[in-house]
$ cat start28.pdb   # PDB, N, CA and C atoms
ATOM      1  N   MET A   1      50.732  82.889 151.873
ATOM      2  CA  MET A   1      50.936  83.278 150.526
ATOM      3  C   MET A   1      52.267  84.008 150.352
ATOM      4  N   ASN A   2      52.633  84.639 151.345
ATOM      5  CA  ASN A   2      53.881  85.347 151.331
ATOM      6  C   ASN A   2      55.045  84.374 151.172
ATOM      7  N   MET A   3      54.947  83.256 151.797
ATOM      8  CA  MET A   3      55.981  82.240 151.749
ATOM      9  C   MET A   3      56.055  81.623 150.361
ATOM     10  N   LYS A   4      54.922  81.416 149.766
ATOM     11  CA  LYS A   4      54.885  80.825 148.430
ATOM     12  C   LYS A   4      55.528  81.746 147.410
ATOM     13  N   THR A   5      55.267  83.020 147.494
ATOM     14  CA  THR A   5      55.837  83.954 146.514
ATOM     15  C   THR A   5      57.347  84.045 146.661
ATOM     16  N   THR A   6      57.867  83.995 147.850
ATOM     17  CA  THR A   6      59.319  84.042 148.006
ATOM     18  C   THR A   6      59.952  82.772 147.490
ATOM     19  N   VAL A   7      59.323  81.637 147.692
ATOM     20  CA  VAL A   7      59.850  80.374 147.160
ATOM     21  C   VAL A   7      59.795  80.413 145.647
ATOM     22  N   HIS A   8      58.689  80.917 145.114
ATOM     23  CA  HIS A   8      58.550  81.022 143.657
ATOM     24  C   HIS A   8      59.601  81.986 143.084
ATOM     25  N   ASN A   9      59.866  83.048 143.789
ATOM     26  CA  ASN A   9      60.878  84.004 143.329
ATOM     27  C   ASN A   9      62.281  83.385 143.344
ATOM     28  N   LYS A  10      62.555  82.603 144.391
ATOM     29  CA  LYS A  10      63.854  81.936 144.474
ATOM     30  C   LYS A  10      64.009  80.916 143.355
ATOM     31  N   ILE A  11      62.963  80.171 143.109
ATOM     32  CA  ILE A  11      62.999  79.159 142.046
ATOM     33  C   ILE A  11      63.145  79.848 140.688
ATOM     34  N   ALA A  12      62.431  80.933 140.497
ATOM     35  CA  ALA A  12      62.531  81.670 139.229
ATOM     36  C   ALA A  12      63.935  82.226 139.057
ATOM     37  N   GLY A  13      64.545  82.718 140.117
ATOM     38  CA  GLY A  13      65.915  83.233 140.044
ATOM     39  C   GLY A  13      66.905  82.129 139.704
ATOM     40  N   ILE A  14      66.718  80.941 140.308
ATOM     41  CA  ILE A  14      67.599  79.810 140.028
ATOM     42  C   ILE A  14      67.418  79.347 138.592
ATOM     43  N   VAL A  15      66.191  79.300 138.139
ATOM     44  CA  VAL A  15      65.907  78.876 136.767
ATOM     45  C   VAL A  15      66.524  79.845 135.772
ATOM     46  N   LEU A  16      66.492  81.119 136.066
ATOM     47  CA  LEU A  16      67.102  82.104 135.173
ATOM     48  C   LEU A  16      68.626  82.095 135.274
ATOM     49  N   LEU A  17      69.159  81.782 136.429
ATOM     50  CA  LEU A  17      70.594  81.791 136.648
ATOM     51  C   LEU A  17      71.272  80.557 136.045
ATOM     52  N   LEU A  18      70.604  79.430 136.008
ATOM     53  CA  LEU A  18      71.188  78.198 135.464
ATOM     54  C   LEU A  18      71.604  78.328 133.995
ATOM     55  N   PRO A  19      70.762  78.861 133.079
ATOM     56  CA  PRO A  19      71.219  78.992 131.685
ATOM     57  C   PRO A  19      72.405  79.935 131.528
ATOM     58  N   VAL A  20      72.426  80.983 132.359
ATOM     59  CA  VAL A  20      73.545  81.927 132.287
ATOM     60  C   VAL A  20      74.840  81.228 132.702
ATOM     61  N   CYS A  21      74.799  80.477 133.788
ATOM     62  CA  CYS A  21      75.986  79.735 134.240
ATOM     63  C   CYS A  21      76.405  78.706 133.197
ATOM     64  N   PHE A  22      75.435  77.999 132.634
ATOM     65  CA  PHE A  22      75.749  77.008 131.602
ATOM     66  C   PHE A  22      76.416  77.674 130.395
ATOM     67  N   PHE A  23      75.897  78.814 129.979
ATOM     68  CA  PHE A  23      76.470  79.537 128.839
ATOM     69  C   PHE A  23      77.903  79.973 129.125
ATOM     70  N   LEU A  24      78.139  80.498 130.323
ATOM     71  CA  LEU A  24      79.479  80.961 130.673
ATOM     72  C   LEU A  24      80.486  79.810 130.722
ATOM     73  N   THR A  25      80.099  78.679 131.259
ATOM     74  CA  THR A  25      81.037  77.545 131.341
ATOM     75  C   THR A  25      81.336  76.976 129.965
ATOM     76  N   THR A  26      80.345  76.892 129.099
ATOM     77  CA  THR A  26      80.609  76.366 127.759
ATOM     78  C   THR A  26      81.416  77.360 126.934
ATOM     79  N   ALA A  27      81.184  78.657 127.118
ATOM     80  CA  ALA A  27      81.945  79.669 126.383
ATOM     81  C   ALA A  27      83.411  79.619 126.806
ATOM     82  N   CYS A  28      83.676  79.456 128.075
ATOM     83  CA  CYS A  28      85.060  79.382 128.549
ATOM     84  C   CYS A  28      85.744  78.133 128.028
ATOM     85  N   LYS A  29      85.027  77.024 127.974
ATOM     86  CA  LYS A  29      85.610  75.781 127.457
ATOM     87  C   LYS A  29      85.950  75.932 125.979
ATOM     88  N   LYS A  30      85.049  76.555 125.226
ATOM     89  CA  LYS A  30      85.318  76.757 123.797
ATOM     90  C   LYS A  30      86.541  77.637 123.598
ATOM     91  N   LYS A  31      86.683  78.666 124.419
ATOM     92  CA  LYS A  31      87.822  79.563 124.296
ATOM     93  C   LYS A  31      89.122  78.822 124.611
ATOM     94  N   GLU A  32      89.088  77.969 125.658
ATOM     95  CA  GLU A  32      90.274  77.184 126.002
ATOM     96  C   GLU A  32      90.623  76.212 124.880
ATOM     97  N   GLU A  33      89.615  75.586 124.285
ATOM     98  CA  GLU A  33      89.856  74.653 123.174
ATOM     99  C   GLU A  33      90.451  75.389 121.973
ATOM    100  N   GLN A  34      89.956  76.586 121.694
ATOM    101  CA  GLN A  34      90.493  77.374 120.587
ATOM    102  C   GLN A  34      91.940  77.754 120.848
ATOM    103  N   GLU A  35      92.253  78.142 122.094
ATOM    104  CA  GLU A  35      93.630  78.500 122.429
ATOM    105  C   GLU A  35      94.557  77.292 122.299
ATOM    106  N   LYS A  36      94.095  76.118 122.731
ATOM    107  CA  LYS A  36      94.903  74.898 122.594
ATOM    108  C   LYS A  36      95.127  74.560 121.128
ATOM    109  N   ALA A  37      94.097  74.703 120.313
ATOM    110  CA  ALA A  37      94.223  74.412 118.880
ATOM    111  C   ALA A  37      95.191  75.378 118.215
ATOM    112  N   MET A  38      95.146  76.673 118.586
ATOM    113  CA  MET A  38      96.065  77.649 118.003
ATOM    114  C   MET A  38      97.499  77.381 118.442
ATOM    115  N   ALA A  39      97.697  76.975 119.695
ATOM    116  CA  ALA A  39      99.044  76.659 120.184
ATOM    117  C   ALA A  39      99.598  75.430 119.465
ATOM    118  N   ALA A  40      98.764  74.428 119.251
ATOM    119  CA  ALA A  40      99.209  73.232 118.532
ATOM    120  C   ALA A  40      99.554  73.568 117.087
ATOM    121  N   GLN A  41      98.774  74.443 116.484
ATOM    122  CA  GLN A  41      99.030  74.844 115.102
ATOM    123  C   GLN A  41     100.316  75.656 114.998
ATOM    124  N   ALA A  42     100.608  76.478 115.995
ATOM    125  CA  ALA A  42     101.827  77.282 115.980
ATOM    126  C   ALA A  42     103.065  76.414 116.176
ATOM    127  N   ASN A  43     102.936  75.299 116.882
ATOM    128  CA  ASN A  43     104.076  74.421 117.130
ATOM    129  C   ASN A  43     104.390  73.501 115.954
ATOM    130  N   GLN A  44     103.495  73.415 114.996
ATOM    131  CA  GLN A  44     103.737  72.555 113.843
ATOM    132  C   GLN A  44     104.804  73.174 112.949
ATOM    133  N   VAL A  45     105.652  72.312 112.393
ATOM    134  CA  VAL A  45     106.698  72.765 111.481
ATOM    135  C   VAL A  45     106.122  72.781 110.079
ATOM    136  N   LYS A  46     106.229  73.929 109.421
ATOM    137  CA  LYS A  46     105.720  74.047 108.056
ATOM    138  C   LYS A  46     106.826  73.680 107.078
ATOM    139  N   GLU A  47     106.459  73.007 106.019
ATOM    140  CA  GLU A  47     107.428  72.620 105.001
ATOM    141  C   GLU A  47     107.335  73.566 103.813
ATOM    142  N   TYR A  48     108.504  73.946 103.304
ATOM    143  CA  TYR A  48     108.590  74.833 102.153
ATOM    144  C   TYR A  48     109.454  74.176 101.085
ATOM    145  N   ALA A  49     109.195  74.524  99.836
ATOM    146  CA  ALA A  49     110.002  74.020  98.734
ATOM    147  C   ALA A  49     111.386  74.657  98.795
ATOM    148  N   VAL A  50     112.430  73.863  98.563
ATOM    149  CA  VAL A  50     113.801  74.340  98.648
ATOM    150  C   VAL A  50     114.495  74.058  97.328
ATOM    151  N   ILE A  51     115.284  75.032  96.846
ATOM    152  CA  ILE A  51     116.077  74.818  95.645
ATOM    153  C   ILE A  51     117.543  75.070  95.983
ATOM    154  N   THR A  52     118.431  74.415  95.248
ATOM    155  CA  THR A  52     119.859  74.621  95.442
ATOM    156  C   THR A  52     120.335  75.635  94.417
ATOM    157  N   VAL A  53     121.014  76.660  94.880
ATOM    158  CA  VAL A  53     121.480  77.731  94.010
ATOM    159  C   VAL A  53     122.883  77.386  93.523
ATOM    160  N   GLN A  54     123.082  77.504  92.210
ATOM    161  CA  GLN A  54     124.389  77.237  91.614
ATOM    162  C   GLN A  54     125.073  78.566  91.302
ATOM    163  N   PRO A  55     126.382  78.669  91.556
ATOM    164  CA  PRO A  55     127.081  79.924  91.234
ATOM    165  C   PRO A  55     127.220  80.110  89.729
ATOM    166  N   THR A  56     126.921  81.319  89.258
ATOM    167  CA  THR A  56     127.080  81.662  87.844
ATOM    168  C   THR A  56     127.654  83.069  87.756
ATOM    169  N   SER A  57     128.246  83.378  86.603
ATOM    170  CA  SER A  57     128.753  84.737  86.405
ATOM    171  C   SER A  57     127.675  85.561  85.717
ATOM    172  N   THR A  58     127.556  86.795  86.136
ATOM    173  CA  THR A  58     126.514  87.674  85.630
ATOM    174  C   THR A  58     127.083  89.060  85.407
ATOM    175  N   GLU A  59     126.609  89.709  84.347
ATOM    176  CA  GLU A  59     127.011  91.090  84.069
ATOM    177  C   GLU A  59     125.874  92.002  84.478
ATOM    178  N   LEU A  60     126.171  92.948  85.336
ATOM    179  CA  LEU A  60     125.162  93.889  85.797
ATOM    180  C   LEU A  60     125.416  95.251  85.172
ATOM    181  N   ASN A  61     124.384  95.852  84.630
ATOM    182  CA  ASN A  61     124.483  97.193  84.053
ATOM    183  C   ASN A  61     123.714  98.151  84.933
ATOM    184  N   SER A  62     124.355  99.230  85.310
ATOM    185  CA  SER A  62     123.704 100.253  86.130
ATOM    186  C   SER A  62     123.839 101.597  85.429
ATOM    187  N   SER A  63     122.807 102.386  85.504
ATOM    188  CA  SER A  63     122.879 103.731  84.933
ATOM    189  C   SER A  63     122.551 104.735  86.028
ATOM    190  N   TYR A  64     123.256 105.854  85.998
ATOM    191  CA  TYR A  64     123.096 106.894  87.001
ATOM    192  C   TYR A  64     122.943 108.242  86.299
ATOM    193  N   PRO A  65     122.113 109.118  86.819
ATOM    194  CA  PRO A  65     122.000 110.449  86.213
ATOM    195  C   PRO A  65     123.275 111.241  86.488
ATOM    196  N   ALA A  66     123.813 111.862  85.441
ATOM    197  CA  ALA A  66     125.047 112.633  85.613
ATOM    198  C   ALA A  66     125.150 113.692  84.526
ATOM    199  N   VAL A  67     125.992 114.661  84.755
ATOM    200  CA  VAL A  67     126.300 115.690  83.772
ATOM    201  C   VAL A  67     127.802 115.651  83.554
ATOM    202  N   ILE A  68     128.210 115.507  82.298
ATOM    203  CA  ILE A  68     129.634 115.466  81.975
ATOM    204  C   ILE A  68     130.032 116.817  81.399
ATOM    205  N   ARG A  69     131.078 117.378  81.959
ATOM    206  CA  ARG A  69     131.557 118.675  81.491
ATOM    207  C   ARG A  69     133.028 118.549  81.146
ATOM    208  N   GLY A  70     133.444 119.341  80.182
ATOM    209  CA  GLY A  70     134.846 119.337  79.785
ATOM    210  C   GLY A  70     135.707 120.093  80.776
ATOM    211  N   ILE A  71     137.006 119.920  80.622
ATOM    212  CA  ILE A  71     137.932 120.655  81.481
ATOM    213  C   ILE A  71     137.794 122.145  81.220
ATOM    214  N   GLN A  72     137.628 122.482  79.953
ATOM    215  CA  GLN A  72     137.460 123.883  79.586
ATOM    216  C   GLN A  72     136.280 123.967  78.619
ATOM    217  N   ASP A  73     135.213 124.582  79.054
ATOM    218  CA  ASP A  73     134.047 124.770  78.204
ATOM    219  C   ASP A  73     134.139 126.151  77.566
ATOM    220  N   ILE A  74     133.867 126.192  76.266
ATOM    221  CA  ILE A  74     133.911 127.469  75.558
ATOM    222  C   ILE A  74     132.616 127.672  74.793
ATOM    223  N   GLU A  75     132.309 128.888  74.511
ATOM    224  CA  GLU A  75     131.160 129.223  73.692
ATOM    225  C   GLU A  75     131.665 129.805  72.387
ATOM    226  N   ILE A  76     131.041 129.402  71.304
ATOM    227  CA  ILE A  76     131.395 129.937  69.990
ATOM    228  C   ILE A  76     130.218 130.768  69.510
ATOM    229  N   ARG A  77     130.477 132.041  69.243
ATOM    230  CA  ARG A  77     129.429 132.947  68.763
ATOM    231  C   ARG A  77     129.876 133.537  67.424
ATOM    232  N   PRO A  78     128.979 133.574  66.476
ATOM    233  CA  PRO A  78     129.363 134.111  65.168
ATOM    234  C   PRO A  78     129.436 135.644  65.172
ATOM    235  N   LYS A  79     130.322 136.159  64.333
ATOM    236  CA  LYS A  79     130.381 137.611  64.158
ATOM    237  C   LYS A  79     129.425 138.052  63.061
ATOM    238  N   ILE A  80     129.026 137.091  62.220
ATOM    239  CA  ILE A  80     128.066 137.393  61.147
ATOM    240  C   ILE A  80     126.925 136.387  61.224
ATOM    241  N   ALA A  81     125.751 136.724  60.665
ATOM    242  CA  ALA A  81     124.571 135.863  60.728
ATOM    243  C   ALA A  81     124.673 134.740  59.709
ATOM    244  N   GLY A  82     124.275 133.532  60.100
ATOM    245  CA  GLY A  82     124.281 132.386  59.206
ATOM    246  C   GLY A  82     123.876 131.119  59.927
ATOM    247  N   PHE A  83     123.855 129.995  59.175
ATOM    248  CA  PHE A  83     123.484 128.698  59.733
ATOM    249  C   PHE A  83     124.611 127.708  59.514
ATOM    250  N   ILE A  84     124.876 126.864  60.527
ATOM    251  CA  ILE A  84     125.861 125.791  60.378
ATOM    252  C   ILE A  84     125.216 124.690  59.552
ATOM    253  N   THR A  85     125.862 124.286  58.479
ATOM    254  CA  THR A  85     125.306 123.261  57.603
ATOM    255  C   THR A  85     125.991 121.914  57.779
ATOM    256  N   GLN A  86     127.261 121.909  58.252
ATOM    257  CA  GLN A  86     127.962 120.637  58.380
ATOM    258  C   GLN A  86     129.079 120.778  59.411
ATOM    259  N   LEU A  87     129.233 119.752  60.274
ATOM    260  CA  LEU A  87     130.365 119.694  61.197
ATOM    261  C   LEU A  87     131.455 118.862  60.539
ATOM    262  N   LEU A  88     132.664 119.365  60.489
ATOM    263  CA  LEU A  88     133.760 118.691  59.805
ATOM    264  C   LEU A  88     134.669 117.911  60.754
ATOM    265  N   VAL A  89     134.427 117.975  62.047
ATOM    266  CA  VAL A  89     135.228 117.233  63.029
ATOM    267  C   VAL A  89     134.288 116.508  63.981
ATOM    268  N   ASP A  90     134.823 115.459  64.611
ATOM    269  CA  ASP A  90     134.053 114.726  65.611
ATOM    270  C   ASP A  90     134.497 115.153  67.003
ATOM    271  N   GLU A  91     133.682 114.840  67.987
ATOM    272  CA  GLU A  91     134.016 115.183  69.361
ATOM    273  C   GLU A  91     135.285 114.446  69.764
ATOM    274  N   GLY A  92     136.216 115.165  70.352
ATOM    275  CA  GLY A  92     137.469 114.571  70.798
ATOM    276  C   GLY A  92     138.595 114.659  69.781
ATOM    277  N   ASP A  93     138.316 115.095  68.534
ATOM    278  CA  ASP A  93     139.377 115.241  67.518
ATOM    279  C   ASP A  93     140.293 116.405  67.892
ATOM    280  N   VAL A  94     141.541 116.264  67.520
ATOM    281  CA  VAL A  94     142.496 117.344  67.742
ATOM    282  C   VAL A  94     142.418 118.293  66.546
ATOM    283  N   VAL A  95     142.255 119.578  66.805
ATOM    284  CA  VAL A  95     142.195 120.574  65.731
ATOM    285  C   VAL A  95     143.314 121.588  65.927
ATOM    286  N   LYS A  96     143.833 122.070  64.809
ATOM    287  CA  LYS A  96     144.867 123.105  64.865
ATOM    288  C   LYS A  96     144.206 124.467  64.768
ATOM    289  N   LYS A  97     144.982 125.473  64.988
ATOM    290  CA  LYS A  97     144.456 126.832  64.990
ATOM    291  C   LYS A  97     143.867 127.221  63.639
ATOM    292  N   THR A  98     144.418 126.721  62.548
ATOM    293  CA  THR A  98     143.951 127.119  61.210
ATOM    294  C   THR A  98     143.003 126.101  60.586
ATOM    295  N   SER A  99     142.634 124.993  61.277
ATOM    296  CA  SER A  99     141.765 123.979  60.649
ATOM    297  C   SER A  99     140.321 124.462  60.586
ATOM    298  N   HIS A 100     139.623 123.952  59.582
ATOM    299  CA  HIS A 100     138.189 124.231  59.433
ATOM    300  C   HIS A 100     137.437 123.119  60.161
ATOM    301  N   PHE A 101     136.513 123.505  61.004
ATOM    302  CA  PHE A 101     135.760 122.475  61.720
ATOM    303  C   PHE A 101     134.264 122.531  61.465
ATOM    304  N   LEU A 102     133.797 123.484  60.678
ATOM    305  CA  LEU A 102     132.398 123.498  60.278
ATOM    306  C   LEU A 102     132.234 124.295  58.987
ATOM    307  N   SER A 103     131.109 124.003  58.321
ATOM    308  CA  SER A 103     130.768 124.815  57.147
ATOM    309  C   SER A 103     129.401 125.434  57.409
ATOM    310  N   TRP A 104     129.209 126.619  56.852
ATOM    311  CA  TRP A 104     127.977 127.326  57.123
ATOM    312  C   TRP A 104     127.593 128.193  55.942
ATOM    313  N   THR A 105     126.332 128.640  55.962
ATOM    314  CA  THR A 105     125.838 129.522  54.910
ATOM    315  C   THR A 105     125.491 130.870  55.516
ATOM    316  N   LEU A 106     125.768 131.901  54.745
ATOM    317  CA  LEU A 106     125.517 133.266  55.211
ATOM    318  C   LEU A 106     124.048 133.643  54.991
ATOM    319  N   LEU A 107     123.540 134.464  55.862
ATOM    320  CA  LEU A 107     122.206 135.032  55.667
ATOM    321  C   LEU A 107     122.365 136.387  55.020
ATOM    322  N   ASN A 108     121.493 136.704  54.113
ATOM    323  CA  ASN A 108     121.513 138.005  53.471
ATOM    324  C   ASN A 108     120.857 138.989  54.427
ATOM    325  N   THR A 109     121.659 139.845  55.038
ATOM    326  CA  THR A 109     121.144 140.809  55.996
ATOM    327  C   THR A 109     120.832 142.160  55.395
ATOM    328  N   ARG A 110     121.166 142.321  54.129
ATOM    329  CA  ARG A 110     120.873 143.609  53.493
ATOM    330  C   ARG A 110     119.407 143.683  53.112
ATOM    331  N   GLN A 111     118.812 144.795  53.369
ATOM    332  CA  GLN A 111     117.414 144.995  53.008
ATOM    333  C   GLN A 111     117.352 146.116  51.963
ATOM    334  N   PRO A 112     116.598 145.905  50.879
ATOM    335  CA  PRO A 112     116.529 146.957  49.871
ATOM    336  C   PRO A 112     115.734 148.156  50.286
TER
END

$ encode --input "start28.pdb" --output "structure tokens"
Amino acid sequence: MNMKTTVHNKIAGIVLLLPVCFFLTTACKKKEEQEKAMAAQANQVKEYAVITVQPTSTELNSSYPAVIRGIQDIEIRPKIAGFITQLLVDEGDVVKKTSHFLSWTLLNTRQP
């Protein structure tokens, strides 16, 4: 009986080992086939649509943040209270020492 059980154990081991070996060989073959298919796909030349570019003239507009300052910046402060109602000159106009360049109204600062 001892001999029978060892033979049965060997047969059972072989029976269990055969599906594992079969699975491993088929899995390796599938992996090799996948690698061959990917290599063949990588070697294929892909076609793309092509257009011919014609030279043309184009105007490009660019804007940049900047601060423009004059050569000489001055501040004008009133000696009396009032509001500027009209500017009589434009930016960049030449003014003389006696020219009027704005009109304004006085505020009544007297309190009764």

$ atom_distance --input "start28.pdb" --atom1 "atom CA of Ala81 of chain A" --atom2 "atom N of Leu107 of chain A"
5.2 Å

$ atom_distance --input "start28.pdb" --atom1 "atom CA of His100 of chain A" --atom2 "atom CA of Leu88 of chain A"
7.1 Å

$ axis_aligned_box --input "start28.pdb" --around "segment 42-52 of chain A" --padding-each-side "4 Å" --output "lines of an AutoDock Vina configuration file"
center_x = 110.5
center_y = 74.8
center_z = 105.8
size_x = 27.7
size_y = 13.0
size_z = 30.7

$ atom_distance --input "start28.pdb" --atom1 "atom CA of Val95 of chain A" --atom2 "atom C of Glu75 of chain A"
15.5 Å

$ resolve_selection --input "start28.pdb" --expression "the PyMOL selection byres (((chain A and resi 101 and name CA) around 10) and name CA)" --output "list of chain:residue names"
A:Gln86, A:Leu87, A:Leu88, A:Val89, A:Asp90, A:Asp93, A:Val95, A:Lys96, A:Thr98, A:Ser99, A:His100, A:Leu102, A:Ser103

$ select_by_dssp --input "start28.pdb" --residues "segment 19-76 of chain A" --states "alpha helix (DSSP H)" --output "PyMOL selection string"
chain A and resi 19-43

$ select_by_dssp --input "start28.pdb" --residues "segment 40-98 of chain A" --states "strand (DSSP E or B)" --output "number ranges by chain"
A: 82-87

$ closest_residue --input "start28.pdb" --among "A:Leu106, A:Ile11, A:Ile68, A:Ala37" --to "Ile80 of chain A" --atoms "only C-alpha atoms"
A:Leu106

$ closest_residue --input "start28.pdb" --among "A:Glu91, A:Ile84, A:Gln44, A:Thr25" --to "Trp104 of chain A" --atoms "only N, CA and C atoms"
A:Ile84

$ build_atoms --input "start28.pdb" --residues "segment 62-74 of chain A" --atoms "N, CA, C and O atoms" --output "mmCIF file, in the frame of the given file"
data_model
loop_
_atom_site.group_PDB
_atom_site.id
_atom_site.type_symbol
_atom_site.label_atom_id
_atom_site.label_comp_id
_atom_site.auth_asym_id
_atom_site.auth_seq_id
_atom_site.Cartn_x
_atom_site.Cartn_y
_atom_site.Cartn_z
ATOM 1 N N SER A 62 124.355 99.230 85.310
ATOM 2 C CA SER A 62 123.704 100.253 86.130
ATOM 3 C C SER A 62 123.839 101.597 85.429
ATOM 4 O O SER A 62 124.870 101.895 84.837
ATOM 5 N N SER A 63 122.807 102.386 85.504
ATOM 6 C CA SER A 63 122.879 103.731 84.933
ATOM 7 C C SER A 63 122.551 104.735 86.028
ATOM 8 O O SER A 63 121.701 104.488 86.879
ATOM 9 N N TYR A 64 123.256 105.854 85.998
ATOM 10 C CA TYR A 64 123.096 106.894 87.001
ATOM 11 C C TYR A 64 122.943 108.242 86.299
ATOM 12 O O TYR A 64 123.588 108.486 85.286
ATOM 13 N N PRO A 65 122.113 109.118 86.819
ATOM 14 C CA PRO A 65 122.000 110.449 86.213
ATOM 15 C C PRO A 65 123.275 111.241 86.488
ATOM 16 O O PRO A 65 123.779 111.254 87.603
ATOM 17 N N ALA A 66 123.813 111.862 85.441
ATOM 18 C CA ALA A 66 125.047 112.633 85.613
ATOM 19 C C ALA A 66 125.150 113.692 84.526
ATOM 20 O O ALA A 66 124.491 113.612 83.496
ATOM 21 N N VAL A 67 125.992 114.661 84.755
ATOM 22 C CA VAL A 67 126.300 115.690 83.772
ATOM 23 C C VAL A 67 127.802 115.651 83.554
ATOM 24 O O VAL A 67 128.575 115.721 84.511
ATOM 25 N N ILE A 68 128.210 115.507 82.298
ATOM 26 C CA ILE A 68 129.634 115.466 81.975
ATOM 27 C C ILE A 68 130.032 116.817 81.399
ATOM 28 O O ILE A 68 129.396 117.322 80.479
ATOM 29 N N ARG A 69 131.078 117.378 81.959
ATOM 30 C CA ARG A 69 131.557 118.675 81.491
ATOM 31 C C ARG A 69 133.028 118.549 81.146
ATOM 32 O O ARG A 69 133.767 117.786 81.764
ATOM 33 N N GLY A 70 133.444 119.341 80.182
ATOM 34 C CA GLY A 70 134.846 119.337 79.785
ATOM 35 C C GLY A 70 135.707 120.093 80.776
ATOM 36 O O GLY A 70 135.212 120.802 81.646
ATOM 37 N N ILE A 71 137.006 119.920 80.622
ATOM 38 C CA ILE A 71 137.932 120.655 81.481
ATOM 39 C C ILE A 71 137.794 122.145 81.220
ATOM 40 O O ILE A 71 137.809 122.962 82.131
ATOM 41 N N GLN A 72 137.628 122.482 79.953
ATOM 42 C CA GLN A 72 137.460 123.883 79.586
ATOM 43 C C GLN A 72 136.280 123.967 78.619
ATOM 44 O O GLN A 72 136.331 123.436 77.514
ATOM 45 N N ASP A 73 135.213 124.582 79.054
ATOM 46 C CA ASP A 73 134.047 124.770 78.204
ATOM 47 C C ASP A 73 134.139 126.151 77.566
ATOM 48 O O ASP A 73 134.453 127.137 78.224
ATOM 49 N N ILE A 74 133.867 126.192 76.266
ATOM 50 C CA ILE A 74 133.911 127.469 75.558
ATOM 51 C C ILE A 74 132.616 127.672 74.793
ATOM 52 O O ILE A 74 131.907 126.716 74.485
#
